[in-house]
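Report on the following structure.
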Amino acid sequence: MATPNNVLERALSTRRPPHATEDAEEDGCGDDDVSKTRKHISIVTKVTNYLTRSGYVWPIIIIGLVIVIISSVIIHSQDLVCISVSYSDHISRLRFFGFDGHESDFGSLGVPWCRSKHGKTVEWTSKDLLKGLEEFVPIYETRPIKNNMYGMGFDHSFGLWFITRWLKPDLMIESGAFKGHSTWVLRQAMPDTPIVSITPRHPEKYLKKGPAYVDGNCTYFAGKDFVDFGSMDWGRVMRKYGMKDLSGVLVFFDDHQNELKRLKQALKAGFKHLVFEDNYDTGTGDHYSFRQICDQFYIRGGGHSCFKDSDEARIRYRRKKFWEKAVDVEELCGPGEAWWGARGQMRDNFNHSNKAITYAEHFKNSRFVESVLDVYWELPPVAGPSLTHQTRYDPARAPTPIIEDGRYGLFRRLGLSQFEISVFNGYTQMVYLQVSEQEN
Ligand SMILES: C[S@@+](CC[C@H](N)C(=O)[O-])C[C@H]1O[C@@H](n2cnc3c(N)ncnc32)[C@H](O)[C@@H]1O
């Protein structure tokens, strides 16, 4: 089994060399770099020819070495200037972890993953995600709720839009609408498809105080009509919409409820395509999530050491100083060294209720989840922290981003540099689940 420390060390030691050509072109520093390099080469050639004719071999070697060292220092410092100079703590965060704008330590502390029954994965590729980003940025610019604090930011808005557009459902259901931003995202993905929105407070109530979104082709179960997803008569609702094949329904959960509970309710209703917004990492969050459920010792990055002198404790302690959502082992572990869920608890309903569970129960939950899944797919962050300047999620517990650190040119070209930093601070591993065909 790979320990977190040797995973981290392996990640650090297998760093790729900077993508000198592709990334230099993209980050706008490229042309300058190329002409400067050419100039260096012609000077070196002249000096070398002269010294060779005069028979000075050692000076050639020494001068050559000096030129190589100076050039590499100049090029390296230019890279950093191109990425950012105005965020001093941000830069210190990057330097601390050895980022130089081209590299990162994504996933070095492990990325939990729910295995699917037959190892199936999604149809879309990273190229599709990039193409999707290009299309989504101008859409996001037109969002009615510019400041969606406590709701989705850019990463998850993109993820929900992309998944919805890819699947092209005949009916969309959302649980947890707040001011209606996610309803708006669903509407952008599918302009003519009906929506069912379940949320205790109707989004129109927020209109009195500021921007909100109320959809014209949406049935709201809100206010006095609110019915929890688990208590809804789904047979009746499906008949109302003429939905015979439930594989045409996409359900989006952003209601901070125990995700195992929601999965069981969705299974009972017969829904197959589920998206969960807040797929909190182990030791964090206000509800039991799939990431927590699947964080098991046999999965890459799973299982944890609560031992205070362990490598994991040391690494987590260090990282906590830099990333707001990173947790050290004191926070990770509850009584009896219980690391699973959140301090050994299965939390529910914004942590208004929680229950301590044993490791055996937790493990059983992961086996159950894996037994009913065809696909588990976590949305990667849209871009690395040297680009977004996000300060919350720890890259060591996240999959590689769609736009990797160092690709500032691409980030800017896609229009992502125009957004406020805060829109990139909401990433919590949104997940898409495809439920397998159940036997009865
Ligand atoms: C984080 S907010 C949703 C954010 C929204 N999806 C967005 O993107 O802006 C959580 C919402 O869940 C609602 N909620 C609370 N309990 C719920 C329940 N049992 N079913 C559905 N929604 C619930 C809250 O009232 C709140 O509006």
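Labeling convention for the structure tokens: chains A, B, ... as they appear, residues from 1 per chain, ligands from 1 in order of appearance.
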
Would you please give, as a PDB file with N, CA and C atoms, in the first residue's frame, all residues of segment 255-436 of chain A that DSSP assigns to alpha helix (DSSP H) based on the backbone?
```
ATOM      1  N   GLU A 259     -25.581  11.818   1.908  1.00  0.00           N
ATOM      2  CA  GLU A 259     -25.669  11.387   0.501  1.00  0.00           C
ATOM      3  C   GLU A 259     -26.008   9.905   0.363  1.00  0.00           C
ATOM      4  N   LEU A 260     -25.697   9.131   1.380  1.00  0.00           N
ATOM      5  CA  LEU A 260     -26.081   7.718   1.366  1.00  0.00           C
ATOM      6  C   LEU A 260     -27.610   7.614   1.445  1.00  0.00           C
ATOM      7  N   LYS A 261     -28.185   8.445   2.299  1.00  0.00           N
ATOM      8  CA  LYS A 261     -29.656   8.502   2.427  1.00  0.00           C
ATOM      9  C   LYS A 261     -30.271   8.902   1.087  1.00  0.00           C
ATOM     10  N   ARG A 262     -29.709   9.931   0.463  1.00  0.00           N
ATOM     11  CA  ARG A 262     -30.238  10.393  -0.822  1.00  0.00           C
ATOM     12  C   ARG A 262     -30.096   9.323  -1.906  1.00  0.00           C
ATOM     13  N   LEU A 263     -28.980   8.606  -1.901  1.00  0.00           N
ATOM     14  CA  LEU A 263     -28.784   7.553  -2.910  1.00  0.00           C
ATOM     15  C   LEU A 263     -29.859   6.477  -2.751  1.00  0.00           C
ATOM     16  N   LYS A 264     -30.112   6.077  -1.518  1.00  0.00           N
ATOM     17  CA  LYS A 264     -31.127   5.032  -1.279  1.00  0.00           C
ATOM     18  C   LYS A 264     -32.508   5.513  -1.726  1.00  0.00           C
ATOM     19  N   GLN A 265     -32.804   6.794  -1.465  1.00  0.00           N
ATOM     20  CA  GLN A 265     -34.110   7.344  -1.894  1.00  0.00           C
ATOM     21  C   GLN A 265     -34.199   7.399  -3.417  1.00  0.00           C
ATOM     22  N   ALA A 266     -33.092   7.757  -4.059  1.00  0.00           N
ATOM     23  CA  ALA A 266     -33.080   7.835  -5.529  1.00  0.00           C
ATOM     24  C   ALA A 266     -33.215   6.437  -6.138  1.00  0.00           C
ATOM     25  N   LEU A 267     -32.572   5.458  -5.494  1.00  0.00           N
ATOM     26  CA  LEU A 267     -32.681   4.068  -5.969  1.00  0.00           C
ATOM     27  C   LEU A 267     -34.121   3.603  -5.891  1.00  0.00           C
ATOM     28  N   LYS A 268     -34.765   3.927  -4.777  1.00  0.00           N
ATOM     29  CA  LYS A 268     -36.153   3.513  -4.565  1.00  0.00           C
ATOM     30  C   LYS A 268     -37.067   4.121  -5.636  1.00  0.00           C
ATOM     31  N   ALA A 269     -36.781   5.372  -5.991  1.00  0.00           N
ATOM     32  CA  ALA A 269     -37.613   6.037  -7.004  1.00  0.00           C
ATOM     33  C   ALA A 269     -37.271   5.559  -8.411  1.00  0.00           C
ATOM     34  N   PHE A 290     -20.086  10.945  -0.602  1.00  0.00           N
ATOM     35  CA  PHE A 290     -19.536   9.766  -1.288  1.00  0.00           C
ATOM     36  C   PHE A 290     -18.021   9.678  -1.134  1.00  0.00           C
ATOM     37  N   ARG A 291     -17.379  10.833  -1.171  1.00  0.00           N
ATOM     38  CA  ARG A 291     -15.930  10.837  -0.998  1.00  0.00           C
ATOM     39  C   ARG A 291     -15.556  10.235   0.360  1.00  0.00           C
ATOM     40  N   GLN A 292     -16.303  10.644   1.361  1.00  0.00           N
ATOM     41  CA  GLN A 292     -16.045  10.086   2.698  1.00  0.00           C
ATOM     42  C   GLN A 292     -16.357   8.592   2.700  1.00  0.00           C
ATOM     43  N   ILE A 293     -17.490   8.230   2.129  1.00  0.00           N
ATOM     44  CA  ILE A 293     -17.908   6.828   2.130  1.00  0.00           C
ATOM     45  C   ILE A 293     -16.853   5.949   1.456  1.00  0.00           C
ATOM     46  N   ASP A 311       3.783  10.323   9.240  1.00  0.00           N
ATOM     47  CA  ASP A 311       4.087  11.161   8.079  1.00  0.00           C
ATOM     48  C   ASP A 311       2.853  11.950   7.677  1.00  0.00           C
ATOM     49  N   GLU A 312       1.700  11.280   7.722  1.00  0.00           N
ATOM     50  CA  GLU A 312       0.465  11.967   7.312  1.00  0.00           C
ATOM     51  C   GLU A 312       0.217  13.177   8.215  1.00  0.00           C
ATOM     52  N   ALA A 313       0.426  12.996   9.528  1.00  0.00           N
ATOM     53  CA  ALA A 313       0.193  14.089  10.476  1.00  0.00           C
ATOM     54  C   ALA A 313       1.102  15.272  10.132  1.00  0.00           C
ATOM     55  N   ARG A 314       2.341  14.975   9.839  1.00  0.00           N
ATOM     56  CA  ARG A 314       3.319  16.031   9.536  1.00  0.00           C
ATOM     57  C   ARG A 314       2.906  16.783   8.257  1.00  0.00           C
ATOM     58  N   ILE A 315       2.561  16.004   7.253  1.00  0.00           N
ATOM     59  CA  ILE A 315       2.206  16.631   5.971  1.00  0.00           C
ATOM     60  C   ILE A 315       0.919  17.453   6.123  1.00  0.00           C
ATOM     61  N   ARG A 316      -0.077  16.877   6.785  1.00  0.00           N
ATOM     62  CA  ARG A 316      -1.358  17.587   6.961  1.00  0.00           C
ATOM     63  C   ARG A 316      -1.170  18.872   7.775  1.00  0.00           C
ATOM     64  N   TYR A 317      -0.348  18.804   8.804  1.00  0.00           N
ATOM     65  CA  TYR A 317      -0.107  19.960   9.658  1.00  0.00           C
ATOM     66  C   TYR A 317       0.449  21.123   8.824  1.00  0.00           C
ATOM     67  N   ARG A 318       1.396  20.764   7.959  1.00  0.00           N
ATOM     68  CA  ARG A 318       2.030  21.770   7.101  1.00  0.00           C
ATOM     69  C   ARG A 318       1.011  22.376   6.139  1.00  0.00           C
ATOM     70  N   ARG A 319       0.204  21.516   5.533  1.00  0.00           N
ATOM     71  CA  ARG A 319      -0.699  21.964   4.471  1.00  0.00           C
ATOM     72  C   ARG A 319      -1.855  22.805   5.018  1.00  0.00           C
ATOM     73  N   LYS A 320      -2.240  22.520   6.243  1.00  0.00           N
ATOM     74  CA  LYS A 320      -3.357  23.230   6.859  1.00  0.00           C
ATOM     75  C   LYS A 320      -3.078  24.734   6.951  1.00  0.00           C
ATOM     76  N   VAL A 329      -4.451  16.117  11.548  1.00  0.00           N
ATOM     77  CA  VAL A 329      -5.017  14.870  12.085  1.00  0.00           C
ATOM     78  C   VAL A 329      -5.872  15.093  13.335  1.00  0.00           C
ATOM     79  N   GLU A 330      -5.622  16.196  14.024  1.00  0.00           N
ATOM     80  CA  GLU A 330      -6.460  16.466  15.205  1.00  0.00           C
ATOM     81  C   GLU A 330      -7.909  16.696  14.795  1.00  0.00           C
ATOM     82  N   GLU A 331      -8.083  17.402  13.662  1.00  0.00           N
ATOM     83  CA  GLU A 331      -9.447  17.640  13.171  1.00  0.00           C
ATOM     84  C   GLU A 331     -10.004  16.416  12.469  1.00  0.00           C
ATOM     85  N   LEU A 332      -9.121  15.720  11.789  1.00  0.00           N
ATOM     86  CA  LEU A 332      -9.538  14.548  11.011  1.00  0.00           C
ATOM     87  C   LEU A 332     -10.097  13.452  11.925  1.00  0.00           C
ATOM     88  N   TYR A 359     -16.217   1.626  12.235  1.00  0.00           N
ATOM     89  CA  TYR A 359     -15.492   1.432  10.984  1.00  0.00           C
ATOM     90  C   TYR A 359     -16.179   0.347  10.144  1.00  0.00           C
ATOM     91  N   ALA A 360     -16.683  -0.692  10.828  1.00  0.00           N
ATOM     92  CA  ALA A 360     -17.342  -1.784  10.096  1.00  0.00           C
ATOM     93  C   ALA A 360     -18.575  -1.264   9.344  1.00  0.00           C
ATOM     94  N   GLU A 361     -19.351  -0.397  10.010  1.00  0.00           N
ATOM     95  CA  GLU A 361     -20.538   0.171   9.332  1.00  0.00           C
ATOM     96  C   GLU A 361     -20.121   1.021   8.140  1.00  0.00           C
ATOM     97  N   HIS A 362     -19.084   1.835   8.382  1.00  0.00           N
ATOM     98  CA  HIS A 362     -18.597   2.718   7.324  1.00  0.00           C
ATOM     99  C   HIS A 362     -18.127   1.890   6.121  1.00  0.00           C
ATOM    100  N   PHE A 363     -17.402   0.837   6.417  1.00  0.00           N
ATOM    101  CA  PHE A 363     -16.879  -0.020   5.342  1.00  0.00           C
ATOM    102  C   PHE A 363     -18.038  -0.676   4.578  1.00  0.00           C
ATOM    103  N   LYS A 364     -19.035  -1.110   5.328  1.00  0.00           N
ATOM    104  CA  LYS A 364     -20.210  -1.723   4.697  1.00  0.00           C
ATOM    105  C   LYS A 364     -20.904  -0.715   3.758  1.00  0.00           C
ATOM    106  N   ASN A 365     -20.956   0.528   4.200  1.00  0.00           N
ATOM    107  CA  ASN A 365     -21.572   1.570   3.359  1.00  0.00           C
ATOM    108  C   ASN A 365     -20.834   1.699   2.032  1.00  0.00           C
ATOM    109  N   SER A 366     -19.507   1.645   2.110  1.00  0.00           N
ATOM    110  CA  SER A 366     -18.731   1.803   0.858  1.00  0.00           C
ATOM    111  C   SER A 366     -18.985   0.615  -0.061  1.00  0.00           C
ATOM    112  N   ARG A 367     -19.117  -0.578   0.510  1.00  0.00           N
ATOM    113  CA  ARG A 367     -19.381  -1.765  -0.328  1.00  0.00           C
ATOM    114  C   ARG A 367     -20.756  -1.655  -0.978  1.00  0.00           C
ATOM    115  N   PHE A 368     -21.700  -1.128  -0.203  1.00  0.00           N
ATOM    116  CA  PHE A 368     -23.048  -0.968  -0.756  1.00  0.00           C
ATOM    117  C   PHE A 368     -23.024   0.015  -1.933  1.00  0.00           C
ATOM    118  N   VAL A 369     -22.390   1.170  -1.700  1.00  0.00           N
ATOM    119  CA  VAL A 369     -22.359   2.197  -2.753  1.00  0.00           C
ATOM    120  C   VAL A 369     -21.718   1.613  -4.019  1.00  0.00           C
ATOM    121  N   GLU A 370     -20.615   0.955  -3.827  1.00  0.00           N
ATOM    122  CA  GLU A 370     -19.911   0.414  -5.008  1.00  0.00           C
ATOM    123  C   GLU A 370     -20.728  -0.664  -5.722  1.00  0.00           C
ATOM    124  N   SER A 371     -21.597  -1.330  -4.970  1.00  0.00           N
ATOM    125  CA  SER A 371     -22.369  -2.411  -5.586  1.00  0.00           C
ATOM    126  C   SER A 371     -23.509  -1.886  -6.464  1.00  0.00           C
ATOM    127  N   PRO A 385      -4.216  26.254  -8.686  1.00  0.00           N
ATOM    128  CA  PRO A 385      -4.269  27.430  -7.808  1.00  0.00           C
ATOM    129  C   PRO A 385      -3.328  28.557  -8.203  1.00  0.00           C
ATOM    130  N   SER A 386      -2.298  28.288  -8.991  1.00  0.00           N
ATOM    131  CA  SER A 386      -1.444  29.411  -9.405  1.00  0.00           C
ATOM    132  C   SER A 386      -2.191  30.276 -10.416  1.00  0.00           C
ATOM    133  N   LEU A 387      -3.278  29.721 -11.010  1.00  0.00           N
ATOM    134  CA  LEU A 387      -4.062  30.466 -11.993  1.00  0.00           C
ATOM    135  C   LEU A 387      -5.296  31.102 -11.348  1.00  0.00           C
ATOM    136  N   THR A 388      -6.021  30.316 -10.564  1.00  0.00           N
ATOM    137  CA  THR A 388      -7.281  30.819  -9.990  1.00  0.00           C
ATOM    138  C   THR A 388      -7.054  31.625  -8.714  1.00  0.00           C
ATOM    139  N   TYR A 408      -1.103  29.633 -18.065  1.00  0.00           N
ATOM    140  CA  TYR A 408      -1.804  30.908 -17.899  1.00  0.00           C
ATOM    141  C   TYR A 408      -2.390  31.412 -19.210  1.00  0.00           C
ATOM    142  N   GLY A 409      -1.666  31.183 -20.305  1.00  0.00           N
ATOM    143  CA  GLY A 409      -2.150  31.640 -21.613  1.00  0.00           C
ATOM    144  C   GLY A 409      -3.510  31.057 -21.927  1.00  0.00           C
ATOM    145  N   LEU A 410      -3.631  29.773 -21.690  1.00  0.00           N
ATOM    146  CA  LEU A 410      -4.900  29.082 -21.954  1.00  0.00           C
ATOM    147  C   LEU A 410      -5.990  29.608 -21.011  1.00  0.00           C
ATOM    148  N   PHE A 411      -5.633  29.766 -19.750  1.00  0.00           N
ATOM    149  CA  PHE A 411      -6.559  30.262 -18.723  1.00  0.00           C
ATOM    150  C   PHE A 411      -7.105  31.631 -19.147  1.00  0.00           C
ATOM    151  N   ARG A 412      -6.183  32.496 -19.609  1.00  0.00           N
ATOM    152  CA  ARG A 412      -6.580  33.850 -20.013  1.00  0.00           C
ATOM    153  C   ARG A 412      -7.383  33.805 -21.315  1.00  0.00           C
ATOM    154  N   ARG A 413      -6.907  32.984 -22.251  1.00  0.00           N
ATOM    155  CA  ARG A 413      -7.587  32.923 -23.551  1.00  0.00           C
ATOM    156  C   ARG A 413      -9.039  32.455 -23.391  1.00  0.00           C
TER     157      ARG A 413
END
```

Mind listing the residues within 8 Å of ligand 1, only C-alpha atoms and all ligand atoms counted, as a ChimeraX atom specification? /A:148-153,157,174-183,198-201,227-229,253-257,277,349-350

Any chance you can output those residues with N, CA and C atoms as a compact mmCIF listing (two decimals), in the first residue's frame?
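Saved to out-v1.txt:
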```txt
# COMPACT_ATOMS: atom_id res chain seq x y z
N ASN A 148 -22.81 34.75 -5.48
CA ASN A 148 -23.60 33.60 -5.02
C ASN A 148 -22.97 32.95 -3.79
N MET A 149 -22.63 33.79 -2.83
CA MET A 149 -22.03 33.26 -1.60
C MET A 149 -23.00 32.24 -0.97
N TYR A 150 -22.48 31.14 -0.51
CA TYR A 150 -23.22 29.99 0.04
C TYR A 150 -23.85 29.11 -1.05
N GLY A 151 -23.70 29.51 -2.31
CA GLY A 151 -24.17 28.67 -3.41
C GLY A 151 -22.97 28.29 -4.27
N MET A 152 -23.25 27.83 -5.48
CA MET A 152 -22.16 27.34 -6.32
C MET A 152 -21.32 28.47 -6.90
N GLY A 153 -20.03 28.19 -7.03
CA GLY A 153 -19.11 29.10 -7.70
C GLY A 153 -18.90 28.63 -9.14
N SER A 157 -20.59 25.24 -11.16
CA SER A 157 -21.57 25.70 -12.16
C SER A 157 -21.20 25.09 -13.51
N GLU A 174 -34.02 19.27 -9.10
CA GLU A 174 -32.98 19.76 -8.18
C GLU A 174 -33.54 19.81 -6.76
N SER A 175 -32.67 19.47 -5.83
CA SER A 175 -33.05 19.55 -4.42
C SER A 175 -32.08 20.51 -3.75
N GLY A 176 -32.56 21.68 -3.37
CA GLY A 176 -31.70 22.72 -2.77
C GLY A 176 -31.40 23.81 -3.79
N ALA A 177 -32.26 24.84 -3.84
CA ALA A 177 -32.10 25.84 -4.91
C ALA A 177 -31.56 27.18 -4.41
N PHE A 178 -31.76 27.47 -3.14
CA PHE A 178 -31.32 28.76 -2.57
C PHE A 178 -31.90 29.90 -3.41
N LYS A 179 -31.07 30.79 -3.97
CA LYS A 179 -31.63 31.92 -4.74
C LYS A 179 -31.92 31.55 -6.19
N GLY A 180 -31.57 30.32 -6.57
CA GLY A 180 -31.92 29.87 -7.92
C GLY A 180 -30.77 29.82 -8.90
N HIS A 181 -29.52 29.99 -8.42
CA HIS A 181 -28.40 29.96 -9.36
C HIS A 181 -28.30 28.61 -10.08
N SER A 182 -28.43 27.52 -9.33
CA SER A 182 -28.30 26.20 -9.98
C SER A 182 -29.46 25.94 -10.94
N THR A 183 -30.65 26.50 -10.63
CA THR A 183 -31.79 26.38 -11.56
C THR A 183 -31.41 27.07 -12.87
N ILE A 198 -36.98 21.48 -5.64
CA ILE A 198 -37.45 21.25 -4.26
C ILE A 198 -36.56 22.08 -3.34
N THR A 199 -37.17 23.01 -2.65
CA THR A 199 -36.35 23.86 -1.76
C THR A 199 -37.27 24.52 -0.73
N PRO A 200 -36.92 24.53 0.54
CA PRO A 200 -37.86 25.01 1.55
C PRO A 200 -38.32 26.45 1.32
N ARG A 201 -37.43 27.32 0.90
CA ARG A 201 -37.80 28.73 0.71
C ARG A 201 -37.81 29.02 -0.79
N VAL A 227 -41.90 19.56 -0.13
CA VAL A 227 -41.91 18.14 0.27
C VAL A 227 -40.48 17.65 0.11
N ASP A 228 -39.92 17.02 1.11
CA ASP A 228 -38.55 16.54 1.00
C ASP A 228 -38.46 15.50 -0.12
N PHE A 229 -37.31 15.44 -0.77
CA PHE A 229 -37.07 14.49 -1.87
C PHE A 229 -37.47 13.07 -1.46
N PHE A 253 -28.45 17.22 -6.48
CA PHE A 253 -28.62 17.45 -5.04
C PHE A 253 -27.65 18.52 -4.55
N ASP A 254 -28.21 19.55 -3.95
CA ASP A 254 -27.37 20.55 -3.27
C ASP A 254 -28.09 20.94 -1.99
N ASP A 255 -28.49 19.92 -1.23
CA ASP A 255 -29.33 20.18 -0.07
C ASP A 255 -28.68 19.77 1.26
N HIS A 256 -27.40 19.44 1.21
CA HIS A 256 -26.62 19.14 2.42
C HIS A 256 -27.21 18.02 3.28
N GLN A 257 -27.74 17.03 2.61
CA GLN A 257 -28.26 15.86 3.32
C GLN A 257 -27.27 14.70 3.17
N GLU A 277 -23.57 18.08 -5.34
CA GLU A 277 -22.72 19.27 -5.39
C GLU A 277 -21.60 19.21 -4.36
N ASN A 349 -28.19 16.65 7.22
CA ASN A 349 -29.00 17.86 7.35
C ASN A 349 -28.20 19.03 7.94
N PHE A 350 -27.19 19.48 7.22
CA PHE A 350 -26.35 20.60 7.63
C PHE A 350 -25.73 20.35 9.01
```

Just the residues within 6 Å of segment 213-219 of chain A, please, counting only C-alpha atoms, with nothing from its chain fewer than 2 positions along; format it as a list of chain:residue names. A:Gly180, A:Pro194, A:Ile195, A:Val196

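Going from atom CA of Cys294 of chain A over to atom CA of His273 of chain A, you cover 18.7 Å.
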
Quick one: everything within 8 Å of Gly119 of chain A, counting only C-alpha atoms, minus sequence neighbours fewer than 3 positions away in the same chain. Send it as a VMD selection string. chain A and resid 115 to 116 374 to 375

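Atom CA of Lys272 of chain A to atom CA of Ser436 of chain A spans 7.2 Å [interatomic distance, one decimal].
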
What residues in segment 76-325 of chain A get the DSSP label strand (DSSP E or B)? Please answer as a ChimeraX atom specification. /A:171-175,195-199,218-222,249-253,273-276

Fewer than 5 positions away in the same chain doesn't count, so skip those; otherwise give me all residues within 10 Å of Gly344 of chain A, counting only C-alpha atoms, as a ChimeraX atom specification. /A:282-283,332-339,354-359,362

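Excluding Phe162 of chain A and any residue on its chain fewer than 4 positions from it, the residues at most 7 Å away by only C-alpha atoms are Gly132, Phe158 and Trp166 of chain A.
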
Can you tell me which residues surround Leu129 of chain A at a distance of at most 10 Å, considering only C-alpha atoms, apart from same-chain residues fewer than 6 positions away, and format the answer as JSON, numbers by chain? {"A": [135, 158, 159, 162, 163, 379, 380, 382, 402, 403]}

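Interatomic distance, atom CA of Thr125 of chain A to atom CA of Trp323 of chain A: 28.5 Å.
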